[in-house]
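structure-v3.txt, holding compact mmCIF, C-alpha atoms:
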# COMPACT_ATOMS: atom_id res chain seq x y z
CA MET G 17 -12.12 -40.88 -86.00
CA ASN G 18 -8.88 -42.72 -86.67
CA LYS G 19 -5.94 -42.80 -84.30
CA VAL G 20 -3.63 -40.51 -86.30
CA TYR G 21 -6.31 -37.89 -87.05
CA ARG G 22 -7.45 -37.71 -83.41
CA LYS G 23 -3.85 -37.25 -82.32
CA MET G 24 -3.46 -34.33 -84.76
CA LEU G 25 -6.61 -32.70 -83.40
CA LEU G 26 -5.42 -33.08 -79.85
CA LEU G 27 -2.08 -31.51 -80.71
CA ILE G 28 -3.67 -28.38 -82.15
CA GLY G 29 -6.34 -28.16 -79.48
CA VAL G 30 -9.38 -28.89 -81.66
CA VAL G 31 -10.54 -31.72 -79.43
CA SER G 32 -11.35 -29.70 -76.34
CA GLY G 33 -11.69 -30.95 -72.81
CA LEU G 34 -10.66 -34.53 -73.66
CA ALA G 35 -13.21 -35.16 -76.40
CA GLY G 36 -16.52 -36.59 -75.37
CA CYS G 37 -17.60 -34.06 -72.78
CA GLY G 38 -19.24 -31.79 -75.38
CA GLU G 39 -21.52 -28.97 -74.22
CA GLN G 40 -21.63 -29.03 -70.46
CA PRO G 41 -24.79 -28.62 -68.39
CA ASP G 42 -24.75 -25.82 -65.84
CA LYS G 43 -24.02 -27.99 -62.82
CA LYS G 44 -21.67 -27.17 -59.99
CA THR G 45 -18.78 -29.61 -59.65
CA VAL G 46 -17.33 -30.78 -56.37
CA PHE G 47 -14.04 -32.12 -57.71
CA ASP G 48 -11.70 -29.46 -56.36
CA PRO G 49 -8.73 -30.97 -54.47
CA ALA G 50 -7.08 -27.59 -53.92
CA HIS G 51 -9.94 -26.60 -51.60
CA TRP G 52 -10.73 -29.89 -49.92
CA LYS G 53 -10.25 -30.08 -46.17
CA THR G 54 -9.89 -33.81 -45.69
CA ASN G 55 -11.54 -36.63 -47.53
CA VAL G 56 -12.67 -38.11 -44.22
CA GLU G 57 -14.47 -34.89 -43.23
CA GLN G 58 -16.25 -34.81 -46.57
CA HIS G 59 -17.26 -38.49 -46.32
CA TRP G 60 -16.06 -39.11 -49.85
CA ALA G 61 -15.16 -42.49 -51.24
CA THR G 62 -11.43 -42.30 -51.80
CA ASP G 63 -8.49 -44.64 -51.68
CA THR G 64 -4.97 -43.84 -50.54
CA GLU G 65 -3.87 -42.72 -53.98
CA GLN G 66 -6.70 -40.22 -54.35
CA GLN G 67 -6.11 -38.84 -50.86
CA ARG G 68 -2.76 -37.52 -52.11
CA LEU G 69 -4.45 -35.27 -54.67
CA THR G 70 -4.64 -32.24 -52.37
CA LEU G 71 -0.92 -32.30 -51.60
CA ALA G 72 -0.10 -32.96 -55.25
CA TYR G 73 -2.17 -29.95 -56.32
CA GLU G 74 -0.33 -27.81 -53.77
CA LYS G 75 3.18 -28.98 -54.63
CA MET G 76 2.87 -29.41 -58.40
CA GLN G 77 0.79 -26.57 -59.76
CA GLY G 78 0.59 -26.81 -63.52
CA ILE G 79 1.45 -30.51 -63.38
CA ALA G 80 -0.88 -32.39 -61.05
CA ASP G 81 -3.70 -29.98 -61.87
CA ARG G 82 -2.92 -29.58 -65.58
CA TRP G 83 -6.20 -31.17 -66.68
CA HIS G 84 -8.26 -30.12 -63.66
CA GLU G 85 -10.80 -28.28 -65.79
CA ASP G 86 -11.18 -31.34 -68.01
CA VAL G 87 -11.99 -33.48 -64.99
CA GLN G 88 -14.57 -30.94 -63.87
CA ALA G 89 -16.07 -30.87 -67.38
CA PHE G 90 -16.31 -34.65 -67.26
CA GLU G 91 -18.03 -34.44 -63.88
CA ARG G 92 -20.68 -32.08 -65.25
CA LYS G 93 -21.38 -34.49 -68.08
CA TRP G 94 -21.38 -37.41 -65.64
CA LEU G 95 -24.01 -35.79 -63.41
CA VAL G 96 -26.70 -35.88 -66.12
CA LEU G 97 -26.16 -39.44 -67.36
CA LYS G 98 -29.33 -41.52 -67.24
CA SER G 99 -28.14 -45.10 -67.74
CA PHE G 100 -25.22 -47.46 -67.28
CA LYS G 101 -24.93 -47.76 -71.05
CA GLU G 102 -24.46 -43.99 -71.34
CA ALA G 103 -21.88 -44.09 -68.54
CA GLU G 104 -19.98 -46.94 -70.17
CA LYS G 105 -19.87 -45.09 -73.49
CA LEU G 106 -18.65 -41.86 -71.90
CA ILE G 107 -16.02 -43.62 -69.80
CA SER G 108 -14.67 -45.58 -72.77
CA GLN G 109 -14.27 -42.45 -74.85
CA VAL G 110 -12.89 -40.10 -72.21
CA SER G 111 -10.40 -42.62 -70.80
CA ASN G 112 -8.92 -43.40 -74.20
CA ASP G 113 -8.84 -39.68 -75.01
CA LEU G 114 -6.92 -39.07 -71.78
CA TRP G 115 -4.19 -41.47 -72.92
CA LEU G 116 -4.05 -39.88 -76.38
CA HIS G 117 -4.11 -36.39 -74.85
CA ALA G 118 -1.19 -37.25 -72.55
CA LYS G 119 0.85 -38.52 -75.49
CA ALA G 120 0.03 -35.50 -77.63
CA SER G 121 0.80 -33.11 -74.77
CA MET G 122 4.20 -34.67 -74.17
CA GLU G 123 5.01 -34.52 -77.86
CA ALA G 124 3.96 -30.88 -78.09
CA LYS G 125 5.55 -29.66 -74.85
CA LYS G 126 8.63 -31.91 -74.92
CA ASP G 127 8.37 -31.98 -71.13
CA PHE G 128 8.90 -35.74 -70.69
CA ASP G 129 6.51 -35.90 -67.76
CA ASP G 130 4.05 -38.67 -66.87
CA ARG G 131 2.69 -36.96 -63.76
CA PRO G 132 -0.17 -35.00 -65.38
CA LEU G 133 -1.61 -38.29 -66.66
CA TYR G 134 -1.20 -40.06 -63.32
CA TRP G 135 -2.91 -37.35 -61.27
CA ALA G 136 -5.64 -36.70 -63.84
CA ARG G 137 -6.54 -40.39 -63.89
CA LEU G 138 -7.03 -40.32 -60.13
CA GLY G 139 -9.28 -37.29 -60.52
CA TYR G 140 -11.50 -38.94 -63.10
CA ILE G 141 -11.84 -42.07 -60.99
CA TRP G 142 -12.70 -39.92 -57.96
CA VAL G 143 -15.63 -38.55 -59.96
CA ILE G 144 -16.79 -42.06 -60.90
CA LYS G 145 -16.75 -43.05 -57.23
CA ASN G 146 -18.33 -39.92 -55.78
CA ALA G 147 -20.43 -37.92 -58.24
CA GLN G 148 -24.03 -39.15 -58.53
CA PRO G 149 -25.51 -39.41 -62.05
CA GLN G 150 -29.26 -39.48 -62.68
CA PHE G 151 -29.49 -43.21 -61.94
CA GLU G 152 -28.29 -45.58 -59.24
CA LEU G 153 -24.99 -47.35 -59.75
CA THR G 154 -24.25 -50.58 -57.90
CA GLU G 155 -20.82 -51.17 -56.40
CA LYS G 156 -20.19 -53.77 -59.08
CA GLU G 157 -21.04 -51.30 -61.83
CA ILE G 158 -18.79 -48.63 -60.32
CA TYR G 159 -15.96 -51.16 -60.23
CA GLN G 160 -16.61 -52.09 -63.87
CA LEU G 161 -16.47 -48.45 -64.92
CA GLU G 162 -13.28 -47.89 -62.93
CA GLU G 163 -11.70 -50.86 -64.70
CA ILE G 164 -12.69 -49.52 -68.11
CA PHE G 165 -11.17 -46.15 -67.24
CA GLU G 166 -7.99 -47.67 -65.79
CA SER G 167 -7.46 -49.89 -68.80
CA ALA G 168 -8.02 -47.36 -71.57
CA SER G 169 -6.19 -44.50 -69.82
CA ARG G 170 -3.15 -46.78 -69.63
CA GLY G 171 -3.07 -47.41 -73.38
CA ARG G 172 -4.82 -50.76 -73.55
CA ALA G 173 -7.56 -49.46 -75.87
CA ASP G 174 -4.87 -48.06 -78.16
CA LEU G 175 -2.93 -51.28 -78.84
CA GLU G 176 -3.01 -51.22 -82.61
CA TYR G 177 -0.10 -51.71 -84.97
CA THR G 178 -1.07 -49.41 -87.81
CA SER G 179 2.16 -48.92 -89.77
CA ASP G 180 3.68 -51.14 -92.44
CA ALA G 181 6.69 -51.90 -90.22
CA PRO G 182 7.26 -55.67 -90.32
CA LEU G 183 8.37 -55.93 -86.68
CA LYS G 184 6.22 -55.25 -83.62
CA ILE G 185 7.46 -54.40 -80.12
CA LEU G 186 5.38 -54.14 -76.95
CA ILE G 187 6.76 -52.23 -73.97
CA THR G 188 5.30 -51.53 -70.54
CA GLY G 189 5.96 -48.84 -67.94
CA PHE G 190 4.85 -48.04 -64.40
CA ASP G 191 3.17 -45.23 -62.49
CA PRO G 192 5.11 -42.97 -60.12
CA PHE G 193 5.47 -44.65 -56.72
CA LEU G 194 6.67 -44.12 -53.14
CA LEU G 195 4.79 -40.83 -53.24
CA ASP G 196 4.58 -40.47 -49.47
CA ARG G 197 8.36 -40.16 -49.52
CA ASN G 198 8.39 -37.76 -52.45
CA ILE G 199 5.12 -36.44 -53.86
CA LEU G 200 7.07 -34.98 -56.81
CA GLN G 201 7.94 -38.42 -58.16
CA GLY G 202 7.47 -39.34 -61.78
CA ASN G 203 8.61 -42.58 -63.40
CA PRO G 204 11.01 -42.77 -66.37
CA SER G 205 9.39 -46.03 -67.47
CA GLY G 206 5.94 -44.47 -67.70
CA ILE G 207 7.44 -41.51 -69.53
CA ALA G 208 9.13 -43.85 -72.00
CA ALA G 209 5.81 -45.61 -72.59
CA LEU G 210 4.12 -42.31 -73.44
CA ALA G 211 7.01 -41.09 -75.58
CA LEU G 212 7.48 -44.28 -77.59
CA ASP G 213 3.90 -45.50 -78.00
CA GLY G 214 3.06 -45.67 -81.70
CA LYS G 215 6.59 -44.79 -82.79
CA VAL G 216 8.26 -46.54 -85.72
CA ILE G 217 11.98 -47.14 -85.20
CA GLU G 218 14.59 -48.21 -87.73
CA PHE G 219 18.03 -49.80 -87.54
CA ASN G 220 20.09 -50.83 -90.57
CA GLY G 221 17.01 -50.97 -92.77
CA GLN G 222 14.87 -52.91 -90.32
CA LYS G 223 11.73 -51.25 -89.00
CA ALA G 224 9.56 -51.91 -85.95
CA GLU G 225 6.48 -50.25 -84.53
CA ILE G 226 6.25 -49.84 -80.76
CA ASN G 227 3.09 -50.06 -78.70
CA ALA G 228 3.08 -49.25 -74.99
CA VAL G 229 0.94 -49.54 -71.88
CA THR G 230 1.48 -48.62 -68.24
CA PHE G 231 0.79 -50.59 -65.08
CA PRO G 232 -0.27 -49.42 -61.63
CA VAL G 233 2.06 -49.93 -58.67
CA ARG G 234 -0.47 -52.00 -56.76
CA TYR G 235 -0.08 -55.57 -55.53
CA GLU G 236 -3.80 -56.24 -55.94
CA ASP G 237 -3.74 -55.64 -59.69
CA PHE G 238 -0.89 -58.11 -60.07
CA ASP G 239 -2.65 -60.70 -57.89
CA LEU G 240 -5.73 -60.34 -60.11
CA GLY G 241 -3.72 -61.29 -63.19
CA GLU G 242 -3.42 -57.93 -64.97
CA VAL G 243 -0.05 -58.88 -66.46
CA GLU G 244 -1.30 -62.24 -67.70
CA SER G 245 -4.52 -60.82 -69.16
CA LEU G 246 -2.56 -58.29 -71.20
CA LEU G 247 0.28 -60.50 -72.40
CA GLY G 248 -1.47 -63.85 -72.75
CA PRO G 249 -2.91 -63.27 -76.25
CA TYR G 250 0.45 -62.05 -77.57
CA TYR G 251 2.27 -65.13 -76.32
CA GLU G 252 -0.47 -67.51 -77.44
CA ASN G 253 -0.32 -66.17 -80.99
CA ASP G 254 3.32 -65.00 -81.15
CA SER G 255 1.81 -61.78 -82.46
CA VAL G 256 4.63 -59.40 -81.51
CA ASP G 257 8.36 -59.74 -81.98
CA MET G 258 9.62 -58.57 -78.57
CA VAL G 259 8.15 -57.76 -75.14
CA VAL G 260 10.11 -55.42 -72.88
CA THR G 261 8.89 -54.45 -69.43
CA ILE G 262 10.47 -51.31 -67.97
CA SER G 263 10.66 -49.75 -64.51
CA GLN G 264 12.70 -47.26 -62.49
CA GLY G 265 15.75 -48.75 -60.85
CA ARG G 266 19.25 -47.84 -59.72
CA THR G 267 22.12 -45.70 -61.04
CA ASP G 268 22.46 -47.12 -64.57
CA PHE G 269 20.44 -49.26 -66.95
CA ASP G 270 20.12 -52.88 -65.86
CA LEU G 271 18.89 -55.71 -68.06
CA GLU G 272 17.54 -58.07 -65.41
CA ARG G 273 18.65 -61.57 -66.34
CA PHE G 274 17.15 -63.72 -63.56
CA PRO G 275 13.77 -62.54 -62.21
CA GLY G 276 12.56 -64.29 -59.06
CA ARG G 277 9.18 -65.75 -58.13
CA ARG G 278 8.77 -64.11 -54.72
CA ARG G 279 8.17 -60.76 -53.11
CA SER G 280 10.58 -59.60 -50.43
CA ALA G 281 10.47 -55.80 -50.61
CA THR G 282 9.47 -53.95 -47.46
CA ALA G 283 8.25 -50.88 -49.38
CA PRO G 284 4.50 -50.35 -49.77
CA ASP G 285 2.63 -50.10 -53.03
CA ASN G 286 0.69 -46.98 -54.01
CA LEU G 287 -2.22 -47.98 -51.78
CA ASN G 288 0.22 -48.34 -48.87
CA ILE G 289 -0.29 -52.10 -48.97
CA TYR G 290 2.71 -54.14 -47.90
CA ALA G 291 3.65 -57.56 -49.22
CA ALA G 292 4.05 -58.89 -45.65
CA ALA G 293 7.32 -60.39 -46.82
CA SER G 294 11.00 -60.07 -45.98
CA SER G 295 14.37 -61.42 -47.03
CA LYS G 296 13.91 -64.32 -44.61
CA ASN G 297 10.28 -64.86 -45.50
CA PRO G 298 9.78 -64.13 -49.21
CA ILE G 299 6.29 -64.90 -50.51
CA PRO G 300 4.93 -65.48 -54.02
CA GLY G 301 2.30 -63.26 -55.57
CA LEU G 302 -1.10 -64.69 -56.45
CA LEU G 303 -2.74 -65.80 -59.66
CA GLY G 304 -6.26 -67.15 -59.75
CA GLY G 305 -6.46 -66.82 -55.97
CA LYS G 306 -3.50 -69.14 -55.40
CA GLU G 307 0.25 -68.68 -55.11
CA ILE G 308 1.64 -68.22 -58.59
CA ALA G 309 3.09 -71.50 -59.81
CA GLY G 310 6.45 -71.68 -61.51
CA PRO G 311 10.18 -72.07 -61.01
CA GLU G 312 11.88 -69.95 -58.37
CA PHE G 313 13.96 -68.16 -61.01
CA VAL G 314 13.53 -67.65 -64.75
CA GLU G 315 15.84 -66.13 -67.38
CA PHE G 316 15.22 -63.37 -69.89
CA SER G 317 15.56 -63.91 -73.65
CA LEU G 318 16.52 -60.40 -74.76
CA PRO G 319 19.40 -59.90 -77.25
CA VAL G 320 21.47 -58.47 -74.44
CA GLU G 321 24.78 -58.08 -76.27
CA LEU G 322 23.17 -56.01 -79.01
CA MET G 323 21.23 -53.89 -76.56
CA GLN G 324 24.37 -53.15 -74.55
CA GLN G 325 25.88 -51.52 -77.63
CA ALA G 326 23.35 -48.68 -77.45
CA THR G 327 25.20 -45.47 -76.69
CA GLY G 328 24.04 -42.86 -74.23
CA SER G 329 24.66 -41.25 -70.88
CA TYR G 330 24.47 -44.45 -68.83
CA ALA G 331 26.07 -47.86 -68.66
CA ILE G 332 23.91 -50.84 -69.65
CA ASN G 333 24.48 -53.82 -67.37
CA ASP G 334 23.65 -57.49 -67.80
CA ASN G 335 22.56 -57.85 -64.19
CA ARG G 336 22.90 -61.39 -62.82
CA LYS G 337 22.76 -60.56 -59.12
CA VAL G 338 20.18 -62.56 -57.17
CA THR G 339 19.43 -63.36 -53.54
CA TYR G 340 18.16 -66.75 -52.41
CA LEU G 341 17.56 -69.06 -49.48
CA GLU G 342 18.43 -72.71 -49.37
CA GLN G 343 15.49 -75.09 -49.47
CA GLY G 344 13.89 -75.45 -46.03
CA SER G 345 15.49 -72.34 -44.57
CA SER G 346 12.52 -70.02 -45.16
CA GLU G 347 10.36 -71.97 -42.73
CA ASP G 348 12.63 -71.88 -39.71
CA GLY G 349 14.58 -68.73 -40.56
CA ALA G 350 17.76 -70.53 -39.54
CA LYS G 351 19.82 -69.57 -42.58
CA GLU G 352 20.72 -66.18 -43.90
CA PRO G 353 19.89 -65.14 -47.47
CA VAL G 354 22.73 -65.55 -49.95
CA THR G 355 23.45 -62.90 -52.61
CA THR G 356 25.47 -63.95 -55.63
CA GLU G 357 26.17 -63.28 -59.30
CA ALA G 358 24.64 -66.30 -61.01
CA GLY G 359 26.41 -67.59 -64.09
CA HIS G 360 23.63 -69.87 -65.30
CA LEU G 361 20.00 -70.51 -64.45
CA THR G 362 20.86 -74.09 -63.50
CA GLU G 363 22.79 -72.79 -60.50
CA LEU G 364 19.50 -71.54 -59.04
CA ALA G 365 17.39 -74.62 -59.69
CA ASP G 366 17.20 -75.80 -56.06
CA LYS G 367 17.06 -72.38 -54.39
CA ILE G 368 14.22 -70.32 -52.92
CA ALA G 369 14.03 -66.89 -54.55
CA VAL G 370 14.36 -63.89 -52.26
CA SER G 371 15.19 -61.26 -54.87
CA GLY G 372 15.54 -61.67 -58.59
CA SER G 373 17.99 -59.58 -60.55
CA GLY G 374 15.29 -56.92 -60.58
CA GLY G 375 14.77 -57.01 -56.81
CA GLY G 376 11.81 -58.15 -54.72
CA TYR G 377 9.21 -55.57 -55.70
CA LEU G 378 6.71 -55.24 -58.57
CA SER G 379 9.35 -54.42 -61.17
CA ASN G 380 10.86 -57.86 -60.60
CA GLU G 381 7.39 -59.36 -60.52
CA ILE G 382 6.23 -58.02 -63.88
CA SER G 383 9.39 -59.45 -65.38
CA TYR G 384 8.91 -62.82 -63.70
CA ARG G 385 5.25 -63.04 -64.66
CA SER G 386 5.87 -62.15 -68.29
CA ILE G 387 8.73 -64.63 -68.73
CA ARG G 388 6.91 -67.38 -66.82
CA LEU G 389 3.85 -66.91 -69.04
CA ARG G 390 5.97 -66.87 -72.20
CA ASN G 391 7.60 -70.14 -71.22
CA GLU G 392 4.32 -71.73 -70.13
CA LEU G 393 2.71 -70.91 -73.48
CA ASP G 394 5.80 -72.10 -75.37
CA SER G 395 6.25 -68.74 -77.06
CA SER G 396 9.40 -67.71 -78.91
CA ILE G 397 8.97 -63.96 -78.28
CA PRO G 398 12.14 -62.43 -76.76
CA THR G 399 11.11 -61.07 -73.37
CA GLY G 400 12.86 -59.25 -70.56
CA HIS G 401 13.10 -56.24 -68.29
CA ILE G 402 14.94 -52.92 -68.36
CA HIS G 403 15.54 -51.03 -65.13
CA THR G 404 16.17 -47.35 -65.83
CA PRO G 405 18.42 -45.11 -63.76
CA LYS G 406 16.70 -43.33 -60.89
CA PRO G 407 16.62 -39.63 -61.81
CA GLU G 408 17.72 -36.91 -59.42
CA ALA G 409 14.87 -34.72 -60.64
CA PHE G 410 12.11 -34.90 -63.21
CA THR G 411 13.26 -32.38 -65.78
CA PRO G 412 13.45 -32.85 -69.56
CA GLU G 413 17.23 -32.43 -69.41
CA ILE G 414 17.49 -35.52 -67.19
CA ILE G 415 14.67 -37.69 -68.53
CA GLU G 416 15.01 -37.20 -72.28
CA PRO G 417 18.46 -38.87 -72.48
CA MET G 418 17.05 -41.89 -70.61
CA VAL G 419 14.18 -42.23 -73.08
CA GLU G 420 16.58 -41.83 -76.00
CA GLN G 421 18.81 -44.59 -74.64
CA ILE G 422 15.82 -46.91 -74.16
CA GLU G 423 14.86 -46.26 -77.77
CA ALA G 424 18.44 -46.96 -78.83
CA MET G 425 18.39 -50.31 -77.01
CA LEU G 426 15.19 -51.28 -78.80
CA LYS G 427 16.69 -50.26 -82.14
CA ASN G 428 19.84 -52.25 -81.52
CA ALA G 429 17.76 -55.33 -80.75
CA LEU G 430 16.06 -55.37 -84.17
CA PRO G 431 18.63 -57.53 -86.03
CA ALA G 432 17.96 -60.36 -83.54
CA LEU G 433 14.18 -60.34 -83.98
Could I get this file's structure written as structure tokens?
Amino acid sequence: MNKVYRKMLLLIGVVSGLAGCGEQPDKKTVFDPAHWKTNVEQHWATDTEQQRLTLAYEKMQGIADRWHEDVQAFERKWLVLKSFKEAEKLISQVSNDLWLHAKASMEAKKDFDDRPLYWARLGYIWVIKNAQPQFELTEKEIYQLEEIFESASRGRADLEYTSDAPLKILITGFDPFLLDRNILQGNPSGIAALALDGKVIEFNGQKAEINAVTFPVRYEDFDLGEVESLLGPYYENDSVDMVVTISQGRTDFDLERFPGRRRSATAPDNLNIYAAASSKNPIPGLLGGKEIAGPEFVEFSLPVELMQQATGSYAINDNRKVTYLEQGSSEDGAKEPVTTEAGHLTELADKIAVSGSGGGYLSNEISYRSIRLRNELDSSIPTGHIHTPKPEAFTPEIIEPMVEQIEAMLKNALPAL
């Protein structure tokens, strides 16, 4: 079934229960976060993200639990699987269908909401970890199946440019994060990824097709090279015309000119893992089990002046603000970090990065990793990062104008590609 036809079926409800579950055996499911006591009491295998499901179901009825019945249907199918091959086939199909279903749902409902996808994904992975099929799964096999589900449900199995548009754009978004502070969080960048994936845009007669994926807010995934594994083939072959990473940021749109090499944020990731870093002790992320190699600061290559001409509700800033330490000062902590507006990359050549223009968290890091990889592979693909405004609430009235302005920035960039 081709991509366009499946999407049409999903929109009209022909593909029921996230296609692939089919007729369900009469088995009782145990995936029911609304009635769990605690995961510890039940002795279930959960991580910190999945442990939030009960509260999410309570606080976001109709959102966090939107595809609850689909997860239960998947569990019933899962319980009667007889081999790893069967499991792999089911996971591949259902995870890709979840991504397509989320896109189709947003298009149909016009709700501009990434939270149903985020919470449903956690539910499906809970089933993979906890429900026992008719054969024994090793820990390695469970991990492999989780990875398949994570990848496809984030759009990575859907990365096809199928139109006749001569230009190709790849964008990335993020999951909701800091959920222990606000369980109601969504993420405008993840919403933009869902809304714009597969869309053909046009500006002054030039056309481009957009493909999109989302990334988890987890340090471990970055340390394992998820960014590099996705983007490497594009940079090696110069097979797209622009790469734009996107995340939630401040009060307006910021185009982050100088990403930094190191982590310094004190906020946890979605597994409540901390970077063990600070402004006086910034540390690099890992790649291949070692500290990621590269310059302390890099510079984006986006057509910033054109993108700033995109009209909308928010200002679009060329953000040059960075924070650094002088060489040698991070070891003894004797010097205070310096924050400045850098005019040129050369001004930062002998500094130690504390925060790039995009900060000291994973939004800065995805930007740094993508630009570092582009430069290392001698690619000519324009690459950079957009920070969106931080919304006051996740309603279509607030989020839709943000997505429209992101689309306008991408359109305005086309003459430079």
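Minimum atom-to-atom distance to G:Ile158, evaluated using only C-alpha atoms, belongs to G:Glu104 out of G:Glu381, G:Glu342, G:Glu104, G:Asp113.
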Looking at G:Glu312, G:Glu423, G:Glu416, G:Asp334, which one is nearest to G:Leu361, with distances taken over only C-alpha atoms? G:Glu312
Write out, as a tab-separated table, each residue of stretch 404-423 of chain G that has an atom at most 10 Å from stretch 244-264 of chain G, together with the closest pair of atoms and their distance in Å to one decimal, counting only C-alpha atoms, rows going by chain and rising number.
residue	atom	partner	partner_atom	distance
G:Thr404	CA	G:Gln264	CA	4.8
G:Pro405	CA	G:Gln264	CA	6.2
G:Lys406	CA	G:Gln264	CA	5.8
G:Pro407	CA	G:Gln264	CA	8.6
G:Ile422	CA	G:Ile262	CA	9.3
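Computed from the coordinates, the atom CA of G:Pro353 to atom CA of G:Asp285 distance equals 23.6 Å.
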Distance criterion (all atoms listed in the file): nearest to G:Gln160 out of G:Ser108, G:Asp180, G:Ala124, G:Phe410: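 Looking only at the distances to G:Gln160, the closest residue turns out to be G:Ser108.
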Please return, as a PyMOL selection string, all polymer residues that have at least one atom within 9 Å of the point (12.2, -58.6, -62.6); use only C-alpha atoms and the file's own coordinate frame. chain G and resi 261+272-277+371-385+400-403
